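**Q** Here you go, this is structure_0.csv (CSV, C-alpha atoms).
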chain,number,residue,atom,x,y,z
A,67,MET,CA,0.0,0.0,0.0
A,68,PRO,CA,1.3,3.5,-0.8
A,69,ALA,CA,2.2,5.7,2.2
A,70,ALA,CA,-0.5,8.0,3.4
A,71,LYS,CA,0.0,11.6,2.4
A,72,GLN,CA,1.0,14.0,5.1
A,73,LYS,CA,-1.8,16.5,5.8
A,74,ILE,CA,-1.4,20.3,6.0
A,75,LEU,CA,-4.0,22.7,7.3
A,76,ILE,CA,-3.8,26.1,5.7
A,77,VAL,CA,-5.3,28.9,7.8
A,78,ASP,CA,-5.7,32.2,5.9
A,79,ASP,CA,-8.7,34.5,5.4
A,80,ASP,CA,-7.4,35.4,1.9
A,81,ALA,CA,-8.9,32.7,-0.2
A,82,ASN,CA,-6.6,33.5,-3.2
A,83,ILE,CA,-3.4,33.1,-1.1
A,84,ALA,CA,-4.8,29.9,0.6
A,85,GLU,CA,-5.6,28.3,-2.7
A,86,LEU,CA,-2.2,29.2,-4.1
A,87,ILE,CA,-0.4,27.6,-1.1
A,88,SER,CA,-2.7,24.6,-1.5
A,89,LEU,CA,-1.7,24.3,-5.1
A,90,TYR,CA,2.1,24.4,-4.3
A,91,LEU,CA,1.7,21.7,-1.6
A,92,ASN,CA,-0.6,19.5,-3.7
A,93,LYS,CA,2.2,19.4,-6.3
A,94,GLU,CA,4.5,18.1,-3.6
A,95,CYS,CA,2.0,15.3,-2.8
A,96,TYR,CA,0.7,16.8,0.4
A,97,GLU,CA,-3.0,16.6,1.3
A,98,THR,CA,-4.4,20.1,2.2
A,99,GLN,CA,-7.4,21.7,3.8
A,100,ILE,CA,-8.2,25.4,4.1
A,101,ALA,CA,-9.7,27.2,7.1
A,102,GLY,CA,-10.7,30.9,6.7
A,103,ASP,CA,-10.7,31.9,10.4
A,104,GLY,CA,-9.6,30.9,13.8
A,105,ASN,CA,-12.7,29.0,14.9
A,106,ALA,CA,-12.7,27.0,11.7
A,107,ALA,CA,-9.0,26.2,12.2
A,108,LEU,CA,-9.6,24.7,15.6
A,109,GLU,CA,-12.5,22.6,14.3
A,110,ALA,CA,-10.3,21.4,11.4
A,111,VAL,CA,-7.5,20.4,13.8
A,112,GLU,CA,-9.9,17.9,15.3
A,113,SER,CA,-11.6,16.7,12.1
A,114,PHE,CA,-8.8,16.9,9.6
A,115,ASP,CA,-6.0,15.9,12.1
A,116,PRO,CA,-3.2,17.7,10.2
A,117,ASP,CA,0.5,16.9,10.4
A,118,LEU,CA,1.4,20.6,10.2
A,119,ILE,CA,-0.4,24.0,10.3
A,120,LEU,CA,0.4,27.0,8.1
A,121,LEU,CA,-1.1,29.7,10.2
A,122,ASP,CA,-1.7,33.3,9.2
A,123,LEU,CA,-1.5,35.8,12.1
A,124,MET,CA,-4.1,38.3,10.9
A,125,LEU,CA,-7.4,36.4,11.0
A,126,PRO,CA,-11.0,37.7,11.6
A,127,GLY,CA,-12.1,37.1,15.2
A,128,MET,CA,-9.6,34.8,16.9
A,129,ASP,CA,-6.1,35.8,15.6
A,130,GLY,CA,-3.2,33.5,14.8
A,131,TYR,CA,-1.5,34.0,18.1
A,132,GLN,CA,-4.6,32.8,20.0
A,133,VAL,CA,-5.1,29.8,17.6
A,134,CYS,CA,-1.5,28.9,18.2
A,135,ARG,CA,-2.0,29.0,22.0
A,136,GLU,CA,-5.2,26.9,21.8
A,137,VAL,CA,-3.5,24.2,19.6
A,138,ARG,CA,-0.4,24.1,21.8
A,139,ALA,CA,-2.5,23.5,24.9
A,140,THR,CA,-3.6,20.1,23.5
A,141,ARG,CA,-1.4,19.1,20.6
A,142,ASP,CA,2.3,18.6,19.9
A,143,LEU,CA,1.8,19.8,16.3
A,144,PRO,CA,4.2,21.7,14.1
A,145,ILE,CA,3.1,25.3,13.3
A,146,ILE,CA,4.6,27.7,10.7
A,147,MET,CA,3.2,31.2,11.1
A,148,LEU,CA,2.6,33.4,8.1
A,149,SER,CA,2.3,37.1,8.2
A,150,ALA,CA,2.7,40.3,6.2
A,151,LYS,CA,4.2,41.9,9.3
A,152,GLY,CA,7.9,42.0,9.3
A,153,GLU,CA,8.8,43.5,12.6
A,154,ILE,CA,11.2,41.6,14.9
A,155,PHE,CA,8.6,41.8,17.7
A,156,ASP,CA,6.1,39.8,15.7
A,157,LYS,CA,8.6,37.1,14.8
A,158,VAL,CA,9.8,36.7,18.4
A,159,LEU,CA,6.2,36.8,19.8
A,160,GLY,CA,5.2,34.1,17.3
A,161,LEU,CA,8.1,31.9,18.3
A,162,GLU,CA,7.4,32.5,22.0
A,163,MET,CA,3.8,31.4,21.5
A,164,GLY,CA,5.1,28.0,20.3
A,165,ALA,CA,5.5,28.4,16.5
A,166,ASP,CA,8.2,26.3,14.9
A,167,ASP,CA,9.0,28.8,12.1
A,168,TYR,CA,7.8,32.1,10.8
A,169,MET,CA,7.5,33.4,7.2
A,170,GLU,CA,6.8,36.8,5.9
A,171,LYS,CA,4.4,37.5,3.0
A,172,PRO,CA,5.0,37.6,0.1
A,173,PHE,CA,7.1,34.5,0.1
A,174,ASP,CA,8.7,32.3,-2.5
A,175,SER,CA,6.8,29.1,-3.2
A,176,LYS,CA,10.0,27.0,-3.2
A,177,GLU,CA,11.1,28.4,0.2
A,178,LEU,CA,7.7,27.7,1.7
A,179,VAL,CA,7.8,24.1,0.5
A,180,ALA,CA,11.4,23.8,1.8
A,181,ARG,CA,10.4,25.0,5.3
A,182,VAL,CA,7.4,22.7,5.4
A,183,LYS,CA,9.6,19.8,4.6
A,184,ALA,CA,12.3,20.8,7.1
A,185,VAL,CA,9.8,21.2,10.0
A,186,LEU,CA,8.1,17.9,9.2
A,187,ARG,CA,11.4,16.1,9.1
A,188,ARG,CA,12.4,17.5,12.5
A,189,TYR,CA,9.1,16.4,14.0
A,190,SER,CA,9.4,13.0,12.4
A,191,LYS,CA,12.8,12.5,13.9
A,192,GLN,CA,11.5,13.5,17.4
A,193,HIS,CA,8.7,11.0,17.3
A,194,THR,CA,10.5,8.0,15.7
A,195,ALA,CA,11.1,5.2,18.1
A,196,PRO,CA,14.8,4.5,18.8
A,197,GLU,CA,16.4,1.6,17.0
A,198,PRO,CA,16.3,-1.6,19.2
A,199,ALA,CA,20.1,-1.9,19.0
A,200,ASP,CA,20.5,1.5,20.7
A,201,THR,CA,19.9,0.6,24.3
A,202,ALA,CA,22.1,3.2,26.0
A,203,GLU,CA,20.0,5.7,27.9
A,204,LYS,CA,21.0,9.3,27.1
A,205,THR,CA,20.8,11.0,30.5
A,206,VAL,CA,22.8,13.9,32.1
A,207,SER,CA,22.4,14.8,35.8
A,208,TYR,CA,23.5,17.7,38.0
A,209,PRO,CA,22.4,18.8,41.5
A,210,ASP,CA,18.6,19.3,41.3
A,211,LEU,CA,18.5,18.6,37.5
A,212,THR,CA,18.2,15.5,35.4
A,213,ILE,CA,17.7,15.5,31.6
A,214,ASN,CA,16.7,12.3,30.0
A,215,LEU,CA,16.8,12.4,26.2
A,216,THR,CA,15.8,8.8,25.8
A,217,ASN,CA,12.3,9.3,27.2
A,218,TYR,CA,12.2,13.2,26.8
A,219,SER,CA,11.8,13.9,30.5
A,220,VAL,CA,13.3,16.5,32.8
A,221,THR,CA,13.3,16.4,36.6
A,222,TYR,CA,14.0,19.7,38.3
A,223,MET,CA,14.2,20.3,42.1
A,224,GLY,CA,12.8,16.8,42.6
A,225,GLU,CA,9.7,17.3,40.4
A,226,PRO,CA,9.0,16.4,36.7
A,227,LEU,CA,9.2,19.5,34.5
A,228,GLU,CA,7.1,19.7,31.3
A,229,MET,CA,9.2,20.8,28.4
A,230,PRO,CA,8.6,20.9,24.6
A,231,PRO,CA,10.9,18.6,22.6
A,232,LYS,CA,13.1,21.4,21.1
A,233,GLU,CA,13.7,23.0,24.5
A,234,LEU,CA,14.7,19.7,26.0
A,235,GLU,CA,17.0,18.8,23.1
A,236,LEU,CA,18.7,22.3,23.4
A,237,LEU,CA,19.1,21.9,27.2
A,238,TYR,CA,20.5,18.3,26.8
A,239,CYS,CA,22.9,19.5,24.1
A,240,LEU,CA,24.3,22.2,26.3
A,241,ALA,CA,24.3,20.2,29.6
A,242,SER,CA,25.9,17.2,28.0
A,243,SER,CA,29.0,19.3,27.2
A,244,PRO,CA,29.5,21.4,30.4
A,245,ASN,CA,31.4,24.7,30.0
A,246,ARG,CA,31.7,24.2,26.2
A,247,VAL,CA,30.7,27.4,24.3
A,248,PHE,CA,28.3,26.8,21.4
A,249,THR,CA,27.6,29.4,18.8
A,250,ARG,CA,24.0,30.0,17.8
A,251,GLU,CA,24.8,28.5,14.4
A,252,GLN,CA,26.2,25.3,16.0
A,253,LEU,CA,23.1,25.0,18.1
A,254,LEU,CA,20.8,25.5,15.1
A,255,ASP,CA,22.7,22.8,13.2
A,256,GLN,CA,22.6,20.3,16.1
A,257,ILE,CA,19.0,20.8,17.2
A,258,TRP,CA,17.1,22.1,14.2
A,259,GLY,CA,19.2,20.5,11.5
A,260,TYR,CA,21.6,21.8,8.8
A,261,ASP,CA,18.7,22.3,6.5
A,262,TYR,CA,16.9,24.7,8.8
A,263,VAL,CA,16.1,27.9,6.9
A,264,GLY,CA,15.1,30.1,9.9
A,265,ASP,CA,17.4,32.5,11.7
A,266,THR,CA,19.5,32.3,14.9
A,267,ARG,CA,16.8,34.3,16.9
A,268,THR,CA,15.1,30.9,17.3
A,269,VAL,CA,17.9,29.8,19.6
A,270,ASP,CA,17.6,33.0,21.7
A,271,VAL,CA,13.8,32.5,22.1
A,272,HIS,CA,14.3,28.9,23.3
A,273,ILE,CA,17.1,29.9,25.7
A,274,LYS,CA,14.7,32.6,27.1
A,275,ARG,CA,12.1,29.9,27.7
A,276,LEU,CA,14.6,27.6,29.4
A,277,ARG,CA,15.7,30.4,31.8
A,278,GLU,CA,12.1,31.1,32.7
A,279,LYS,CA,11.8,27.4,33.9
A,280,LEU,CA,15.3,26.8,35.2
A,281,HIS,CA,16.6,29.5,37.5
A,282,ASP,CA,20.4,29.9,38.1
A,283,HIS,CA,21.6,27.2,40.5
A,284,GLU,CA,24.6,27.6,42.8
A,285,VAL,CA,26.3,24.8,40.8
A,286,TRP,CA,25.1,25.4,37.3
A,287,ARG,CA,23.5,27.9,35.0
A,288,ILE,CA,22.8,28.7,31.3
A,289,ALA,CA,25.4,31.4,30.5
A,290,THR,CA,25.4,33.9,27.7
A,291,ILE,CA,28.7,34.4,26.0
A,292,TRP,CA,28.2,37.8,24.4
A,293,GLY,CA,28.7,38.0,20.7
A,294,ILE,CA,29.2,34.2,20.4
A,295,GLY,CA,26.4,32.1,21.9
A,296,TYR,CA,25.7,30.0,25.1
A,297,LYS,CA,27.2,27.4,27.4
A,298,PHE,CA,26.0,25.3,30.3
A,299,GLU,CA,28.3,26.7,33.0
A,300,VAL,CA,29.2,24.3,35.8
A,301,LYS,CA,31.2,25.4,38.9
A,302,GLU,CA,34.0,23.2,40.1
A,303,GLN,CA,33.0,21.3,43.3
Can you dump the structure from the file as structure tokens?
**A**
Amino acid sequence: MPAAKQKILIVDDDANIAELISLYLNKECYETQIAGDGNAALEAVESFDPDLILLDLMLPGMDGYQVCREVRATRDLPIIMLSAKGEIFDKVLGLEMGADDYMEKPFDSKELVARVKAVLRRYSKQHTAPEPADTAEKTVSYPDLTINLTNYSVTYMGEPLEMPPKELELLYCLASSPNRVFTREQLLDQIWGYDYVGDTRTVDVHIKRLREKLHDHEVWRIATIWGIGYKFEVKEQ
């Protein structure tokens, strides 16, 4: 049997743009559905069960930010935000709301397809079961902090801490190489993949989220190396 087509939900109140995006994606063998507003988008998430959402920010009624929050509350589903707005604030806010990527209109059709493929590849890797031969558990521990990459869990101050996959992978990458300085580009390559077409601000947003959850410890902290990147700083005992 042929593999089932991956499904993409296109949320945009401009029917012409939505149909054009649908055409691009259909040519790449994706199955698509269009929703013209936020409420219709949430209904389609349940009925259509998409593998990815292309979400316009400026929607009638419920805007794209709110739709993103509602989806993120119940689903681990990749979201690429689309917007005619180009301000840095809008990009950062979109990423902080939980979007995986952000594209400005007008965009090139080939770039849109490339980003869709890249995001779907990353999610596919996250949710693929490990090979049976790989039995080694990937865990790193410090006082009051344990990060387990095998089962995607974090224990902080003796309690389980909920964390999205990309935040956990970023934390594990830093913590598994204590006191090593990583550039933003290195972190993008290792966590998001060499084919990621976003910018390094994505790393900054995820670091900000981690710091909101993990306060500086007397033994360890996530340190900024100005002009370069970040490191998981561990004091000598």
**Q** Give as an mmCIF file with C-alpha atoms, in the coordinates of the input every residue, naming chains and numbers as the document does, that has an atom within 12 Å of (23.6, 20.9, 17.4), counting all atoms listed in the file.
**A**
data_model
loop_
_atom_site.group_PDB
_atom_site.id
_atom_site.type_symbol
_atom_site.label_atom_id
_atom_site.label_comp_id
_atom_site.auth_asym_id
_atom_site.auth_seq_id
_atom_site.Cartn_x
_atom_site.Cartn_y
_atom_site.Cartn_z
ATOM 1 C CA LYS A 232 13.100 21.400 21.100
ATOM 2 C CA GLU A 235 17.000 18.800 23.100
ATOM 3 C CA LEU A 236 18.700 22.300 23.400
ATOM 4 C CA LEU A 237 19.100 21.900 27.200
ATOM 5 C CA TYR A 238 20.500 18.300 26.800
ATOM 6 C CA CYS A 239 22.900 19.500 24.100
ATOM 7 C CA LEU A 240 24.300 22.200 26.300
ATOM 8 C CA SER A 242 25.900 17.200 28.000
ATOM 9 C CA SER A 243 29.000 19.300 27.200
ATOM 10 C CA VAL A 247 30.700 27.400 24.300
ATOM 11 C CA PHE A 248 28.300 26.800 21.400
ATOM 12 C CA THR A 249 27.600 29.400 18.800
ATOM 13 C CA ARG A 250 24.000 30.000 17.800
ATOM 14 C CA GLU A 251 24.800 28.500 14.400
ATOM 15 C CA GLN A 252 26.200 25.300 16.000
ATOM 16 C CA LEU A 253 23.100 25.000 18.100
ATOM 17 C CA LEU A 254 20.800 25.500 15.100
ATOM 18 C CA ASP A 255 22.700 22.800 13.200
ATOM 19 C CA GLN A 256 22.600 20.300 16.100
ATOM 20 C CA ILE A 257 19.000 20.800 17.200
ATOM 21 C CA TRP A 258 17.100 22.100 14.200
ATOM 22 C CA GLY A 259 19.200 20.500 11.500
ATOM 23 C CA TYR A 260 21.600 21.800 8.800
ATOM 24 C CA TYR A 262 16.900 24.700 8.800
ATOM 25 C CA VAL A 269 17.900 29.800 19.600
#
**Q** Leaving out Asn105 in chain A and any residue of its chain fewer than 4 positions from it, which residues lie within 12 Å of it when counting all atoms listed in the file, given as a list in words?
**A**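 Near Asn105 in chain A, the qualifying residues are Val77, Asp78, Asp79, Ala101, Glu109, Ala110, Val111, Glu112, Leu125, Pro126, Gly127, Met128, Asp129, Gly130, Gln132, Val133, Cys134, Glu136 and Val137 of chain A.
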**Q** Those same residues, written as a PDB file, in the frame of the given file with C-alpha atoms?
**A**
ATOM      1  CA  VAL A  77      -5.300  28.900   7.800  1.00  0.00           C
ATOM      2  CA  ASP A  78      -5.700  32.200   5.900  1.00  0.00           C
ATOM      3  CA  ASP A  79      -8.700  34.500   5.400  1.00  0.00           C
ATOM      4  CA  ALA A 101      -9.700  27.200   7.100  1.00  0.00           C
ATOM      5  CA  GLU A 109     -12.500  22.600  14.300  1.00  0.00           C
ATOM      6  CA  ALA A 110     -10.300  21.400  11.400  1.00  0.00           C
ATOM      7  CA  VAL A 111      -7.500  20.400  13.800  1.00  0.00           C
ATOM      8  CA  GLU A 112      -9.900  17.900  15.300  1.00  0.00           C
ATOM      9  CA  LEU A 125      -7.400  36.400  11.000  1.00  0.00           C
ATOM     10  CA  PRO A 126     -11.000  37.700  11.600  1.00  0.00           C
ATOM     11  CA  GLY A 127     -12.100  37.100  15.200  1.00  0.00           C
ATOM     12  CA  MET A 128      -9.600  34.800  16.900  1.00  0.00           C
ATOM     13  CA  ASP A 129      -6.100  35.800  15.600  1.00  0.00           C
ATOM     14  CA  GLY A 130      -3.200  33.500  14.800  1.00  0.00           C
ATOM     15  CA  GLN A 132      -4.600  32.800  20.000  1.00  0.00           C
ATOM     16  CA  VAL A 133      -5.100  29.800  17.600  1.00  0.00           C
ATOM     17  CA  CYS A 134      -1.500  28.900  18.200  1.00  0.00           C
ATOM     18  CA  GLU A 136      -5.200  26.900  21.800  1.00  0.00           C
ATOM     19  CA  VAL A 137      -3.500  24.200  19.600  1.00  0.00           C
TER      20      VAL A 137
END
**Q** Using all atoms listed in the file for the distances, tell me which of A:Val182, A:Leu276, A:Ile145, A:Ile291 is nearest to Gly164 in chain A.
**A** A:Ile145
**Q** Neighbouring residues of Lys301 in chain A were defined as those with any atom within 8 Å, considering only C-alpha atoms; residues of the same chain fewer than 5 positions away were excluded. Please report them as a list in words.
**A**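 Result of the neighbour search: Glu284, Val285 and Trp286 of chain A.
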**Q** Taking only C-alpha atoms into account, name the residue in A:Leu227, A:Ala70, A:Ile288, A:Met124 that is nearest to Ile213 in chain A.
**A**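 For Ile213 in chain A, the nearest of the candidates is A:Leu227.
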**Q** Write out as number ranges by chain each polymer residue whose atoms come within 10 Å of Ser219 in chain A, counting all atoms listed in the file; drop sequence neighbours fewer than 4 positions from it.
**A** A: 205, 212-215, 226-231, 234
**Q** To one decimal place in Å, what is the distance between CA of Ala107 in chain A and CA of Asp142 in chain A?
**A**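 For CA of Ala107 in chain A relative to CA of Asp142 in chain A, the distance reads 15.6 Å.
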**Q** Identify, on the basis of only C-alpha atoms, every residue whose closest approach to Val185 in chain A does not exceed 9 Å; exclude the query and any residue fewer than 2 positions from it along the same chain; express the result as a list of chain:residue names.
**A**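 Once the nearby chain positions are removed, what remains is A:Leu118, A:Pro144, A:Ile145, A:Ile146, A:Asp166, A:Asp167, A:Ala180, A:Arg181, A:Val182, A:Lys183, A:Arg187, A:Arg188, A:Tyr189, A:Ser190, A:Trp258, A:Tyr262.
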**Q** Within 10 Å of (12.9, 18.0, 41.1), all atoms listed in the file: residues as number ranges by chain?
**A** A: 209-212, 220-227
**Q** With distances taken over only C-alpha atoms, which residue among A:Ala150, A:Met169, A:Ile74, A:Met163 lies nearest Glu94 in chain A?
**A** A:Ile74
**Q** Please report the interatomic distance between CA of Gly102 in chain A and CA of Ala184 in chain A in Å with one decimal.
**A**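 If I compute the distance from CA of Gly102 in chain A to CA of Ala184 in chain A, I get 25.1 Å.
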**Q** Can you tell me how far CA of Glu233 in chain A sits from CA of Asn217 in chain A, in Å to one decimal?
**A**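 Those two atoms sit 14.0 Å apart.
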**Q** Nearest to Asp270 in chain A: which of A:Ile76, A:Leu86, A:Leu108, A:Ile294 is it, counting only C-alpha atoms?
**A**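 Going through A:Ile76, A:Leu86, A:Leu108, A:Ile294 one by one, the smallest distance to Asp270 in chain A is for A:Ile294.
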**Q** Under the rule that only C-alpha atoms are counted, which of A:Arg246, A:Pro116, A:His283, A:Val271 is the nearest residue to Lys297 in chain A?
**A**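 Using only C-alpha atoms, Lys297 in chain A sits closest to A:Arg246.
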**Q** Considering only C-alpha atoms, can you say which of A:Ser113, A:Pro244, A:Leu120, A:Ala106 comes closest to Leu75 in chain A?
**A**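 Closest to Leu75 in chain A, using only C-alpha atoms: A:Leu120.
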**Q** For range 172-178 of chain A, please output as a list in words all residues within 9 Å (counting only C-alpha atoms; exclusion window: fewer than 6 positions along the same chain).
**A**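 My reading of the contact set: Ile87, Tyr90, Ser149, Ala150 and Val263 of chain A.
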